[in-house]
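S.K.: Provided below: entry15.pdb, containing PDB, C-alpha atoms, pLDDT in the B column.
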```
MODEL        1
ATOM      1  CA  MET A  27     -71.640  11.030  26.136  1.00 59.00           C
ATOM      2  CA  LYS A  28     -71.667  10.433  22.392  1.00 58.00           C
ATOM      3  CA  GLU A  29     -68.446  12.453  22.020  1.00 65.00           C
ATOM      4  CA  ARG A  30     -66.780  10.306  24.664  1.00 64.00           C
ATOM      5  CA  ILE A  31     -67.850   7.133  22.881  1.00 64.00           C
ATOM      6  CA  LYS A  32     -66.496   8.489  19.571  1.00 61.00           C
ATOM      7  CA  LYS A  33     -63.138   9.247  21.188  1.00 64.00           C
ATOM      8  CA  ASP A  34     -62.987   5.808  22.769  1.00 57.00           C
ATOM      9  CA  VAL A  35     -63.800   4.177  19.434  1.00 56.00           C
ATOM     10  CA  LEU A  36     -61.123   6.231  17.649  1.00 66.00           C
ATOM     11  CA  LEU A  37     -58.549   5.338  20.298  1.00 65.00           C
ATOM     12  CA  LEU A  38     -59.485   1.672  19.978  1.00 58.00           C
ATOM     13  CA  ILE A  39     -59.162   1.811  16.191  1.00 64.00           C
ATOM     14  CA  LEU A  40     -55.797   3.564  16.497  1.00 70.00           C
ATOM     15  CA  PHE A  41     -54.622   0.987  19.016  1.00 60.00           C
ATOM     16  CA  LEU A  42     -55.692  -1.864  16.728  1.00 54.00           C
ATOM     17  CA  ILE A  43     -53.923  -0.251  13.776  1.00 60.00           C
ATOM     18  CA  ILE A  44     -50.685   0.054  15.779  1.00 61.00           C
ATOM     19  CA  ILE A  45     -50.941  -3.551  16.948  1.00 59.00           C
ATOM     20  CA  GLY A  46     -51.616  -4.628  13.375  1.00 50.00           C
ATOM     21  CA  ILE A  47     -48.589  -2.720  12.056  1.00 52.00           C
ATOM     22  CA  LEU A  48     -46.335  -4.172  14.752  1.00 54.00           C
ATOM     23  CA  GLN A  49     -47.509  -7.678  13.993  1.00 53.00           C
ATOM     24  CA  MET A  50     -47.077  -7.092  10.282  1.00 52.00           C
ATOM     25  CA  VAL A  51     -43.489  -5.752  10.460  1.00 49.00           C
ATOM     26  CA  GLN A  52     -42.550  -8.652  12.713  1.00 56.00           C
ATOM     27  CA  SER A  53     -43.946 -11.200  10.298  1.00 51.00           C
ATOM     28  CA  ASP A  54     -41.668 -13.323   8.121  1.00 64.00           C
ATOM     29  CA  PHE A  55     -42.463 -11.087   5.156  1.00 60.00           C
ATOM     30  CA  PHE A  56     -40.446  -8.259   6.772  1.00 75.00           C
ATOM     31  CA  TYR A  57     -37.510 -10.397   7.900  1.00 84.00           C
ATOM     32  CA  VAL A  58     -34.161  -9.602   6.266  1.00 84.00           C
ATOM     33  CA  ASP A  59     -33.417 -12.310   3.707  1.00 85.00           C
ATOM     34  CA  GLU A  60     -31.037 -10.505   1.333  1.00 87.00           C
ATOM     35  CA  ILE A  61     -27.964  -8.303   1.853  1.00 87.00           C
ATOM     36  CA  GLN A  62     -26.555  -6.507  -1.188  1.00 89.00           C
ATOM     37  CA  VAL A  63     -23.081  -4.959  -0.992  1.00 90.00           C
ATOM     38  CA  GLU A  64     -21.741  -2.762  -3.781  1.00 89.00           C
ATOM     39  CA  GLY A  65     -17.996  -2.172  -3.996  1.00 84.00           C
ATOM     40  CA  ASN A  66     -14.845  -3.121  -5.912  1.00 80.00           C
ATOM     41  CA  ASN A  67     -12.954  -5.129  -3.307  1.00 79.00           C
ATOM     42  CA  GLU A  68     -14.420  -8.640  -3.335  1.00 82.00           C
ATOM     43  CA  ILE A  69     -12.717  -9.681  -0.097  1.00 83.00           C
ATOM     44  CA  LEU A  70     -14.027  -6.577   1.672  1.00 86.00           C
ATOM     45  CA  LYS A  71     -17.537  -7.234   0.347  1.00 87.00           C
ATOM     46  CA  LYS A  72     -17.467 -10.782   1.687  1.00 87.00           C
ATOM     47  CA  ASP A  73     -16.214  -9.544   5.071  1.00 88.00           C
ATOM     48  CA  ILE A  74     -19.045  -7.021   5.321  1.00 88.00           C
ATOM     49  CA  ILE A  75     -21.685  -9.563   4.322  1.00 86.00           C
ATOM     50  CA  SER A  76     -20.273 -11.813   7.030  1.00 86.00           C
ATOM     51  CA  LYS A  77     -20.648  -8.991   9.587  1.00 84.00           C
ATOM     52  CA  LEU A  78     -24.255  -8.413   8.560  1.00 86.00           C
ATOM     53  CA  ASP A  79     -25.201 -12.076   8.426  1.00 85.00           C
ATOM     54  CA  GLU A  80     -26.495 -11.954  11.991  1.00 84.00           C
ATOM     55  CA  PHE A  81     -29.329  -9.693  10.839  1.00 84.00           C
ATOM     56  CA  LYS A  82     -30.714 -12.239   8.433  1.00 83.00           C
ATOM     57  CA  ASN A  83     -34.077 -13.648   9.475  1.00 82.00           C
ATOM     58  CA  LYS A  84     -34.655 -10.717  11.830  1.00 83.00           C
ATOM     59  CA  PRO A  85     -37.227  -7.928  11.431  1.00 85.00           C
ATOM     60  CA  ILE A  86     -35.790  -5.239   9.161  1.00 86.00           C
ATOM     61  CA  VAL A  87     -37.477  -2.516  11.177  1.00 83.00           C
ATOM     62  CA  TYR A  88     -35.223  -3.269  14.161  1.00 83.00           C
ATOM     63  CA  VAL A  89     -31.956  -3.022  12.205  1.00 87.00           C
ATOM     64  CA  ASN A  90     -30.010   0.010  13.475  1.00 88.00           C
ATOM     65  CA  THR A  91     -28.325   1.290  10.307  1.00 89.00           C
ATOM     66  CA  ASN A  92     -26.444   4.083  12.129  1.00 90.00           C
ATOM     67  CA  LEU A  93     -24.803   1.532  14.399  1.00 87.00           C
ATOM     68  CA  LEU A  94     -23.910  -0.651  11.420  1.00 88.00           C
ATOM     69  CA  VAL A  95     -22.381   2.311   9.558  1.00 91.00           C
ATOM     70  CA  SER A  96     -20.232   3.077  12.603  1.00 89.00           C
ATOM     71  CA  ASN A  97     -19.180  -0.562  12.852  1.00 88.00           C
ATOM     72  CA  ILE A  98     -18.258  -0.950   9.188  1.00 90.00           C
ATOM     73  CA  SER A  99     -16.517   2.447   9.035  1.00 89.00           C
ATOM     74  CA  SER A 100     -14.042   1.196  11.626  1.00 88.00           C
ATOM     75  CA  ASP A 101     -12.604  -1.100   8.933  1.00 89.00           C
ATOM     76  CA  ALA A 102      -9.417   0.579   7.667  1.00 87.00           C
ATOM     77  CA  ARG A 103     -10.264  -0.436   4.088  1.00 88.00           C
ATOM     78  CA  VAL A 104     -13.499   1.593   4.105  1.00 90.00           C
ATOM     79  CA  LYS A 105     -13.511   5.287   3.230  1.00 88.00           C
ATOM     80  CA  GLU A 106     -17.293   5.750   3.321  1.00 91.00           C
ATOM     81  CA  VAL A 107     -20.342   3.528   3.755  1.00 93.00           C
ATOM     82  CA  ILE A 108     -24.063   4.036   3.224  1.00 94.00           C
ATOM     83  CA  ILE A 109     -26.664   1.488   4.370  1.00 92.00           C
ATOM     84  CA  LYS A 110     -30.275   1.624   3.249  1.00 92.00           C
ATOM     85  CA  LYS A 111     -33.274  -0.504   4.099  1.00 90.00           C
ATOM     86  CA  SER A 112     -35.159  -1.700   1.049  1.00 90.00           C
ATOM     87  CA  TYR A 113     -38.542  -2.838   2.287  1.00 87.00           C
ATOM     88  CA  PRO A 114     -39.811  -5.394   2.804  1.00 86.00           C
ATOM     89  CA  ASN A 115     -36.672  -7.506   3.355  1.00 88.00           C
ATOM     90  CA  LYS A 116     -33.406  -6.192   1.868  1.00 90.00           C
ATOM     91  CA  LEU A 117     -30.377  -4.339   3.207  1.00 91.00           C
ATOM     92  CA  LYS A 118     -28.383  -2.404   0.613  1.00 92.00           C
ATOM     93  CA  VAL A 119     -24.804  -1.422   1.451  1.00 92.00           C
ATOM     94  CA  TYR A 120     -22.788   1.018  -0.664  1.00 93.00           C
ATOM     95  CA  ILE A 121     -19.046   0.967   0.005  1.00 91.00           C
ATOM     96  CA  GLU A 122     -16.398   3.452  -1.095  1.00 89.00           C
ATOM     97  CA  GLU A 123     -13.044   1.806  -0.528  1.00 87.00           C
ATOM     98  CA  ARG A 124      -9.825   3.619   0.165  1.00 88.00           C
ATOM     99  CA  LYS A 125      -7.899   3.905  -3.083  1.00 89.00           C
ATOM    100  CA  PRO A 126      -4.515   2.134  -3.023  1.00 92.00           C
ATOM    101  CA  LEU A 127      -1.807   4.356  -4.512  1.00 95.00           C
ATOM    102  CA  ALA A 128       1.381   2.653  -3.337  1.00 96.00           C
ATOM    103  CA  TYR A 129       2.853  -0.135  -1.222  1.00 95.00           C
ATOM    104  CA  VAL A 130       4.915   0.095   1.924  1.00 95.00           C
ATOM    105  CA  MET A 131       7.049  -2.615   3.494  1.00 88.00           C
ATOM    106  CA  ASN A 132       6.031  -3.456   7.061  1.00 85.00           C
ATOM    107  CA  ASN A 133       7.521  -6.427   8.955  1.00 83.00           C
ATOM    108  CA  ASP A 134       8.812  -7.847   5.669  1.00 85.00           C
ATOM    109  CA  LYS A 135       5.333  -7.754   4.118  1.00 89.00           C
ATOM    110  CA  LEU A 136       3.816  -5.408   1.564  1.00 92.00           C
ATOM    111  CA  PHE A 137       0.742  -3.378   2.474  1.00 93.00           C
ATOM    112  CA  ALA A 138      -1.274  -0.945   0.383  1.00 92.00           C
ATOM    113  CA  VAL A 139      -1.431   2.708   1.426  1.00 93.00           C
ATOM    114  CA  ASP A 140      -3.686   5.575   0.401  1.00 92.00           C
ATOM    115  CA  GLU A 141      -2.600   9.102  -0.579  1.00 90.00           C
ATOM    116  CA  ASN A 142      -1.803   9.879   3.068  1.00 91.00           C
ATOM    117  CA  LEU A 143       0.279   6.684   3.363  1.00 93.00           C
ATOM    118  CA  ASN A 144      -2.280   5.120   5.694  1.00 91.00           C
ATOM    119  CA  ILE A 145      -1.990   1.329   5.630  1.00 91.00           C
ATOM    120  CA  PHE A 146      -5.370  -0.249   4.988  1.00 87.00           C
ATOM    121  CA  THR A 147      -5.001  -3.615   3.290  1.00 85.00           C
ATOM    122  CA  SER A 148      -2.465  -6.267   2.342  1.00 86.00           C
ATOM    123  CA  TYR A 149      -0.770  -6.841  -1.006  1.00 86.00           C
ATOM    124  CA  ASP A 150      -2.640 -10.125  -1.454  1.00 83.00           C
ATOM    125  CA  GLU A 151      -6.073  -8.450  -1.381  1.00 81.00           C
ATOM    126  CA  LEU A 152      -5.439  -6.195  -4.376  1.00 79.00           C
ATOM    127  CA  ASP A 153      -5.792  -7.065  -8.040  1.00 76.00           C
ATOM    128  CA  ASN A 154      -3.465  -4.240  -9.082  1.00 76.00           C
ATOM    129  CA  LYS A 155       0.034  -5.449  -8.217  1.00 82.00           C
ATOM    130  CA  GLY A 156       1.813  -2.720 -10.186  1.00 87.00           C
ATOM    131  CA  LEU A 157       1.818   0.036  -7.580  1.00 94.00           C
ATOM    132  CA  PRO A 158       5.114   1.727  -6.596  1.00 96.00           C
ATOM    133  CA  ILE A 159       6.772   0.803  -3.289  1.00 96.00           C
ATOM    134  CA  VAL A 160       7.586   3.762  -1.038  1.00 97.00           C
ATOM    135  CA  TYR A 161      10.353   3.928   1.544  1.00 95.00           C
ATOM    136  CA  TYR A 162      10.835   6.459   4.345  1.00 95.00           C
ATOM    137  CA  ASN A 163      12.802   6.600   7.586  1.00 92.00           C
ATOM    138  CA  ASN A 164      11.080   9.322   9.604  1.00 94.00           C
ATOM    139  CA  LYS A 165       7.970  11.481   9.816  1.00 94.00           C
ATOM    140  CA  ASP A 166       9.380  14.253   7.627  1.00 95.00           C
ATOM    141  CA  GLU A 167      10.192  11.837   4.838  1.00 95.00           C
ATOM    142  CA  GLU A 168       6.767  10.221   5.233  1.00 95.00           C
ATOM    143  CA  ASN A 169       5.057  13.613   4.819  1.00 96.00           C
ATOM    144  CA  ASP A 170       7.205  14.486   1.802  1.00 96.00           C
ATOM    145  CA  ILE A 171       6.583  11.160   0.066  1.00 96.00           C
ATOM    146  CA  SER A 172       2.865  11.464   0.764  1.00 96.00           C
ATOM    147  CA  MET A 173       2.916  14.800  -1.086  1.00 97.00           C
ATOM    148  CA  ILE A 174       4.886  13.220  -3.938  1.00 97.00           C
ATOM    149  CA  VAL A 175       2.463  10.279  -4.228  1.00 97.00           C
ATOM    150  CA  LYS A 176      -0.513  12.648  -4.479  1.00 96.00           C
ATOM    151  CA  SER A 177       1.071  14.468  -7.435  1.00 97.00           C
ATOM    152  CA  LEU A 178       2.583  11.384  -9.051  1.00 97.00           C
ATOM    153  CA  SER A 179      -0.714   9.470  -9.022  1.00 96.00           C
ATOM    154  CA  LYS A 180      -2.245  12.191 -11.217  1.00 96.00           C
ATOM    155  CA  SER A 181       0.619  12.234 -13.713  1.00 97.00           C
ATOM    156  CA  SER A 182       1.581  10.153 -16.744  1.00 97.00           C
ATOM    157  CA  LEU A 183       4.671   8.856 -14.942  1.00 97.00           C
ATOM    158  CA  TYR A 184       2.648   7.031 -12.313  1.00 97.00           C
ATOM    159  CA  PRO A 185       1.993   3.765 -14.251  1.00 96.00           C
ATOM    160  CA  LEU A 186       5.754   3.494 -14.934  1.00 97.00           C
ATOM    161  CA  SER A 187       6.844   4.036 -11.319  1.00 97.00           C
ATOM    162  CA  SER A 188       8.151   1.153  -9.215  1.00 97.00           C
ATOM    163  CA  GLU A 189       9.871   2.764  -6.207  1.00 97.00           C
ATOM    164  CA  ILE A 190      10.022   6.105  -4.367  1.00 98.00           C
ATOM    165  CA  TYR A 191      12.605   7.005  -1.748  1.00 97.00           C
ATOM    166  CA  LYS A 192      14.917   9.763  -0.507  1.00 97.00           C
ATOM    167  CA  GLN A 193      18.564   9.835  -1.491  1.00 96.00           C
ATOM    168  CA  ASP A 194      20.831  12.505  -0.007  1.00 95.00           C
ATOM    169  CA  ASP A 195      19.138  15.881  -0.719  1.00 94.00           C
ATOM    170  CA  LYS A 196      16.696  14.631  -3.349  1.00 96.00           C
ATOM    171  CA  TYR A 197      13.805  12.250  -3.829  1.00 98.00           C
ATOM    172  CA  VAL A 198      13.997   9.481  -6.399  1.00 98.00           C
ATOM    173  CA  ILE A 199      11.316   7.793  -8.480  1.00 98.00           C
ATOM    174  CA  VAL A 200      12.593   4.552  -9.988  1.00 98.00           C
ATOM    175  CA  LEU A 201      10.799   3.600 -13.191  1.00 97.00           C
ATOM    176  CA  SER A 202      10.024   0.022 -14.171  1.00 95.00           C
ATOM    177  CA  ASP A 203      13.063  -0.151 -16.495  1.00 94.00           C
ATOM    178  CA  GLY A 204      15.438   1.142 -13.827  1.00 96.00           C
ATOM    179  CA  VAL A 205      15.651   4.771 -14.991  1.00 97.00           C
ATOM    180  CA  LYS A 206      15.720   7.157 -12.031  1.00 97.00           C
ATOM    181  CA  VAL A 207      13.790  10.416 -11.899  1.00 97.00           C
ATOM    182  CA  TYR A 208      15.198  13.010  -9.497  1.00 98.00           C
ATOM    183  CA  ILE A 209      12.602  15.348  -7.986  1.00 98.00           C
ATOM    184  CA  LYS A 210      11.936  17.820  -5.198  1.00 96.00           C
ATOM    185  CA  LYS A 211       9.379  17.001  -2.519  1.00 96.00           C
ATOM    186  CA  ASP A 212       6.992  19.640  -3.925  1.00 96.00           C
ATOM    187  CA  VAL A 213       7.244  18.461  -7.524  1.00 97.00           C
ATOM    188  CA  SER A 214       4.222  19.466  -9.573  1.00 97.00           C
ATOM    189  CA  ILE A 215       2.024  17.294 -11.780  1.00 97.00           C
ATOM    190  CA  LYS A 216       3.059  19.495 -14.718  1.00 97.00           C
ATOM    191  CA  LYS A 217       6.747  18.842 -14.075  1.00 97.00           C
ATOM    192  CA  LEU A 218       6.173  15.101 -13.804  1.00 97.00           C
ATOM    193  CA  ASN A 219       4.287  15.111 -17.107  1.00 97.00           C
ATOM    194  CA  GLN A 220       7.164  17.019 -18.716  1.00 97.00           C
ATOM    195  CA  GLY A 221       9.487  14.318 -17.438  1.00 96.00           C
ATOM    196  CA  TYR A 222       7.244  11.686 -19.014  1.00 97.00           C
ATOM    197  CA  ILE A 223       7.478  13.442 -22.398  1.00 96.00           C
ATOM    198  CA  VAL A 224      11.269  13.659 -22.151  1.00 96.00           C
ATOM    199  CA  TYR A 225      11.469   9.993 -21.135  1.00 96.00           C
ATOM    200  CA  ASN A 226       9.398   8.864 -24.137  1.00 95.00           C
ATOM    201  CA  LYS A 227      11.420  10.979 -26.584  1.00 94.00           C
ATOM    202  CA  GLU A 228      14.661   9.465 -25.330  1.00 93.00           C
ATOM    203  CA  LYS A 229      13.150   5.994 -25.596  1.00 91.00           C
ATOM    204  CA  GLU A 230      11.985   6.612 -29.174  1.00 92.00           C
ATOM    205  CA  GLN A 231      15.530   7.604 -30.114  1.00 92.00           C
ATOM    206  CA  ASN A 232      16.889   4.488 -28.394  1.00 83.00           C
ATOM    207  CA  ASN A 233      18.998   6.621 -26.085  1.00 83.00           C
ATOM    208  CA  SER A 234      20.154   4.930 -22.906  1.00 88.00           C
ATOM    209  CA  MET A 235      19.282   6.769 -19.718  1.00 92.00           C
ATOM    210  CA  GLU A 236      20.541   6.594 -16.191  1.00 96.00           C
ATOM    211  CA  TYR A 237      18.404   9.396 -14.810  1.00 96.00           C
ATOM    212  CA  ILE A 238      16.144  12.352 -15.597  1.00 97.00           C
ATOM    213  CA  ASP A 239      16.549  15.349 -13.295  1.00 97.00           C
ATOM    214  CA  LEU A 240      13.338  17.343 -12.769  1.00 97.00           C
ATOM    215  CA  ARG A 241      14.564  19.456  -9.859  1.00 96.00           C
ATOM    216  CA  PHE A 242      15.402  22.510 -11.908  1.00 95.00           C
ATOM    217  CA  GLU A 243      13.732  24.620 -14.577  1.00 92.00           C
ATOM    218  CA  LEU A 244      15.722  22.916 -17.333  1.00 94.00           C
ATOM    219  CA  ILE A 245      15.310  19.154 -17.422  1.00 94.00           C
ATOM    220  CA  SER A 246      18.557  17.240 -17.735  1.00 93.00           C
ATOM    221  CA  VAL A 247      19.064  13.654 -18.889  1.00 94.00           C
ATOM    222  CA  ARG A 248      22.068  11.407 -18.524  1.00 91.00           C
TER     223      ARG A 248
ENDMDL
END
```
Render the structure in this file as structure tokens.
M.R.:
Amino acid sequence: MKERIKKDVLLLILFLIIIGILQMVQSDFFYVDEIQVEGNNEILKKDIISKLDEFKNKPIVYVNTNLLVSNISSDARVKEVIIKKSYPNKLKVYIEERKPLAYVMNNDKLFAVDENLNIFTSYDELDNKGLPIVYYNNKDEENDISMIVKSLSKSSLYPLSSEIYKQDDKYVIVLSDGVKVYIKKDVSIKKLNQGYIVYNKEKEQNNSMEYIDLRFELISVR
């Protein structure tokens, strides 16, 4: 009999504790009142805060972070997102944006693309306006230029590049001063850096250039 009473008392205490916890987490103290978003794209940050605004003044315990991650990840500008609850009343969002490496013209407007030439944001949203514009006419050219952009973005020639396109049997990088750099689709970072050295030497000597040809073992300049 005593054992039964002890069990009943323990169950009652446990029940009261659970009720107390539920009431506590649903109190105003545990309502979301701050949403922190860390990232570099200010427009994207504002958009995400706007999406999460509906969770303000709601119990933080009921916020489904997995669902929110899925929702935010559907934004083409987002590469990765992490959402953490910071008790008692904060949501912390960590955003890794897609890195813009070039622009592409679409319906007479410029859009930023990543290393795979995926469009993910407009020209107006980016602070860096000095990215090269890429042009391609079919899937093969798109794949080739994607490979070129990946190498070029890691080379010293990248900050000087303004356009990339295919011309006849070669690909062309147009530099900001109009000098053309002829390359193969599988051009290496090393070769691009060699071209940068040649370009600077010619500039230092005040030599006029029409193009630098990096397609062969020996680099030619005209």
S.K.: Which is closest to Asp150 of chain A among A:Glu189, A:Lys227, A:Ile69, A:Asp203, if we use all atoms listed in the file?
M.R.: A:Ile69
S.K.: Apply the PyMOL selection byres ((chain A and resi 243-246) around 10) to the file shown and report the selected residues as number ranges by chain.
M.R.: A: 208, 217, 220-221, 224, 237-242, 247-248
S.K.: With a cut-off of 12 Å, could you pull out the residues of segment 96-124 of chain A touching segment 85-89 of chain A and give me the nearest pair of atoms for each, distance in Å to one decimal, using all atoms listed in the file, ordered by chain and ascending number, as CSV?
M.R.:
```
residue,atom,partner,partner_atom,distance
A:Ile109,CA,A:Val89,CA,10.5
A:Lys110,CA,A:Val89,CA,10.2
A:Lys111,CA,A:Ile86,CA,7.4
A:Ser112,CA,A:Ile86,CA,8.9
A:Tyr113,CA,A:Ile86,CA,7.8
A:Pro114,CA,A:Ile86,CA,7.5
A:Asn115,CA,A:Ile86,CA,6.3
A:Lys116,CA,A:Ile86,CA,7.7
A:Leu117,CA,A:Ile86,CA,8.1
A:Lys118,CA,A:Ile86,CA,11.7
```
S.K.: Please list as a PyMOL selection string every residue within 12 Å of Lys176 of chain A, counting all atoms listed in the file and excluding residues in the same chain fewer than 6 positions away.
M.R.: chain A and resi 125-128+139-143+169-170+184+211-215+218
S.K.: For each of A:Ile121, A:Lys196, A:Asn97, A:Glu106, take the minimum atom-to-atom distance to Lys72 of chain A, counting only C-alpha atoms, then give the residue where this is smallest.
M.R.: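 That would be A:Ile121, the residue with the smallest distance to Lys72 of chain A.
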S.K.: When you look at Tyr222 of chain A with a cut-off of 7 Å (counting all atoms listed in the file), what residues show up, excluding the ones that are within fewer than 3 positions of it in the same chain? I need them as a PyMOL selection string.
M.R.: chain A and resi 182-183+218-219+225-226
S.K.: Expressed in Å to a single decimal, how great is the separation between atom CA of Leu70 of chain A and atom CA of Asn144 of chain A?
M.R.: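 Calculated distance between atom CA of Leu70 of chain A and atom CA of Asn144 of chain A is 17.1 Å.
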S.K.: Could you state the separation of atom CA of Phe137 of chain A and atom CA of Tyr191 of chain A in Å, given to one decimal place?
M.R.: 16.3 Å
S.K.: Please indicate the distance in Å from atom CA of Gly65 of chain A to atom CA of Arg103 of chain A, rounded to one decimal place.
M.R.: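 Between atom CA of Gly65 of chain A and atom CA of Arg103 of chain A the gap is 11.3 Å.
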S.K.: Determine the residue membership of the PyMOL selection byres ((chain A and resi 157) around 7) for the file above and supply it as a tab-separated table (two decimals) with C-alpha atoms, keeping the file's coordinate frame.
M.R.:
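selection_37.tsv was written with the following content:
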```
chain	number	residue	atom	x	y	z
A	127	LEU	CA	-1.81	4.36	-4.51
A	128	ALA	CA	1.38	2.65	-3.34
A	129	TYR	CA	2.85	-0.14	-1.22
A	154	ASN	CA	-3.46	-4.24	-9.08
A	155	LYS	CA	0.03	-5.45	-8.22
A	156	GLY	CA	1.81	-2.72	-10.19
A	158	PRO	CA	5.11	1.73	-6.60
A	159	ILE	CA	6.77	0.80	-3.29
A	188	SER	CA	8.15	1.15	-9.22
```
S.K.: Can you list, as a list in words, every protein, DNA or RNA residue that comes within 10 Å of Tyr162 of chain A when you count only C-alpha atoms, leaving out same-chain residues fewer than 3 positions away?
M.R.: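 Neighbouring residues, sequence-local ones excluded: Val130, Met131, Lys165, Asp166, Glu167, Glu168, Asn169, Asp170, Ile171, Ile190, Tyr191 and Lys192 of chain A.
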S.K.: Around the point (-19.7, -5.1, 12.1), in the coordinates given by the file, pick out the residues reaching within 7 Å, counting all atoms listed in the file, and return them as a PDB file with C-alpha atoms, in the coordinates of the input.
M.R.:
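Output saved as result.pdb:
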```
ATOM      1  CA  LYS A  77     -20.648  -8.991   9.587  1.00 84.00           C
ATOM      2  CA  LEU A  78     -24.255  -8.413   8.560  1.00 86.00           C
ATOM      3  CA  LEU A  94     -23.910  -0.651  11.420  1.00 88.00           C
ATOM      4  CA  ASN A  97     -19.180  -0.562  12.852  1.00 88.00           C
ATOM      5  CA  ILE A  98     -18.258  -0.950   9.188  1.00 90.00           C
TER       6      ILE A  98
END
```
S.K.: Please expand the PyMOL selection byres ((chain A and resi 83) around 6) into the concrete residues it hits in this file, giving the result as a list in words.
M.R.: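 Checking the PyMOL selection byres ((chain A and resi 83) around 6) against this file, the residues are Tyr57, Val58, Asp59, Lys82 and Lys84 of chain A.
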S.K.: May I have the centre and edge lengths, in Å to one decimal, of an axis-aligned box around the listed atoms of segment 114-127 of chain A with 3 Å added to every side, as JSON?
M.R.:
```
{"center_x": -20.8, "center_y": -1.6, "center_z": -0.6, "size_x": 44.0, "size_y": 17.9, "size_z": 13.9}
```
S.K.: Counting all atoms listed in the file, which residue out of A:Ser234, A:Ser148, A:Val95, A:Ile199 sits closest to Val160 of chain A?
M.R.: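 Comparing A:Ser234, A:Ser148, A:Val95, A:Ile199 against Val160 of chain A, the winner is A:Ile199.
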S.K.: Using only C-alpha atoms, pick whichever of A:Asn66, A:Ser187, A:Asn233, A:Asn92 has the shortest atom-to-atom distance to Leu152 of chain A.
M.R.: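 Looking at the shortest contact to Leu152 of chain A, the residue is A:Asn66.
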S.K.: Reconstruct all heavy atoms of segment 55-59 of chain A; output as a compact mmCIF listing (two decimals), keeping the file's coordinate frame.
M.R.:
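Now in result34.txt:
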```txt
# COMPACT_ATOMS: atom_id res chain seq x y z
N PHE A 55 -42.52 -11.87 6.39
CA PHE A 55 -42.46 -11.09 5.16
C PHE A 55 -41.49 -9.92 5.30
O PHE A 55 -40.91 -9.46 4.31
CB PHE A 55 -43.87 -10.58 4.80
CG PHE A 55 -43.94 -9.88 3.49
CD1 PHE A 55 -43.75 -10.56 2.29
CD2 PHE A 55 -44.20 -8.52 3.44
CE1 PHE A 55 -43.82 -9.89 1.07
CE2 PHE A 55 -44.27 -7.84 2.22
CZ PHE A 55 -44.09 -8.55 1.04
N PHE A 56 -41.32 -9.40 6.52
CA PHE A 56 -40.45 -8.26 6.77
C PHE A 56 -39.14 -8.67 7.46
O PHE A 56 -38.46 -7.84 8.04
CB PHE A 56 -41.18 -7.21 7.63
CG PHE A 56 -42.20 -6.43 6.86
CD1 PHE A 56 -43.51 -6.87 6.80
CD2 PHE A 56 -41.86 -5.27 6.19
CE1 PHE A 56 -44.47 -6.15 6.09
CE2 PHE A 56 -42.80 -4.54 5.49
CZ PHE A 56 -44.12 -4.99 5.43
N TYR A 57 -38.79 -9.94 7.36
CA TYR A 57 -37.51 -10.40 7.90
C TYR A 57 -36.43 -10.24 6.82
O TYR A 57 -36.69 -10.53 5.64
CB TYR A 57 -37.59 -11.87 8.32
CG TYR A 57 -38.18 -12.07 9.70
CD1 TYR A 57 -39.08 -11.16 10.24
CD2 TYR A 57 -37.84 -13.19 10.45
CE1 TYR A 57 -39.62 -11.35 11.50
CE2 TYR A 57 -38.39 -13.40 11.73
CZ TYR A 57 -39.28 -12.47 12.24
OH TYR A 57 -39.81 -12.65 13.48
N VAL A 58 -35.26 -9.78 7.21
CA VAL A 58 -34.16 -9.60 6.27
C VAL A 58 -33.77 -10.96 5.67
O VAL A 58 -33.44 -11.89 6.40
CB VAL A 58 -32.92 -8.98 6.96
CG1 VAL A 58 -31.75 -8.90 5.97
CG2 VAL A 58 -33.25 -7.61 7.52
N ASP A 59 -33.83 -11.06 4.35
CA ASP A 59 -33.42 -12.31 3.71
C ASP A 59 -32.40 -12.07 2.59
O ASP A 59 -31.95 -13.01 1.94
CB ASP A 59 -34.62 -13.09 3.18
CG ASP A 59 -35.27 -12.42 1.99
OD1 ASP A 59 -34.83 -11.32 1.60
OD2 ASP A 59 -36.22 -13.00 1.43
```
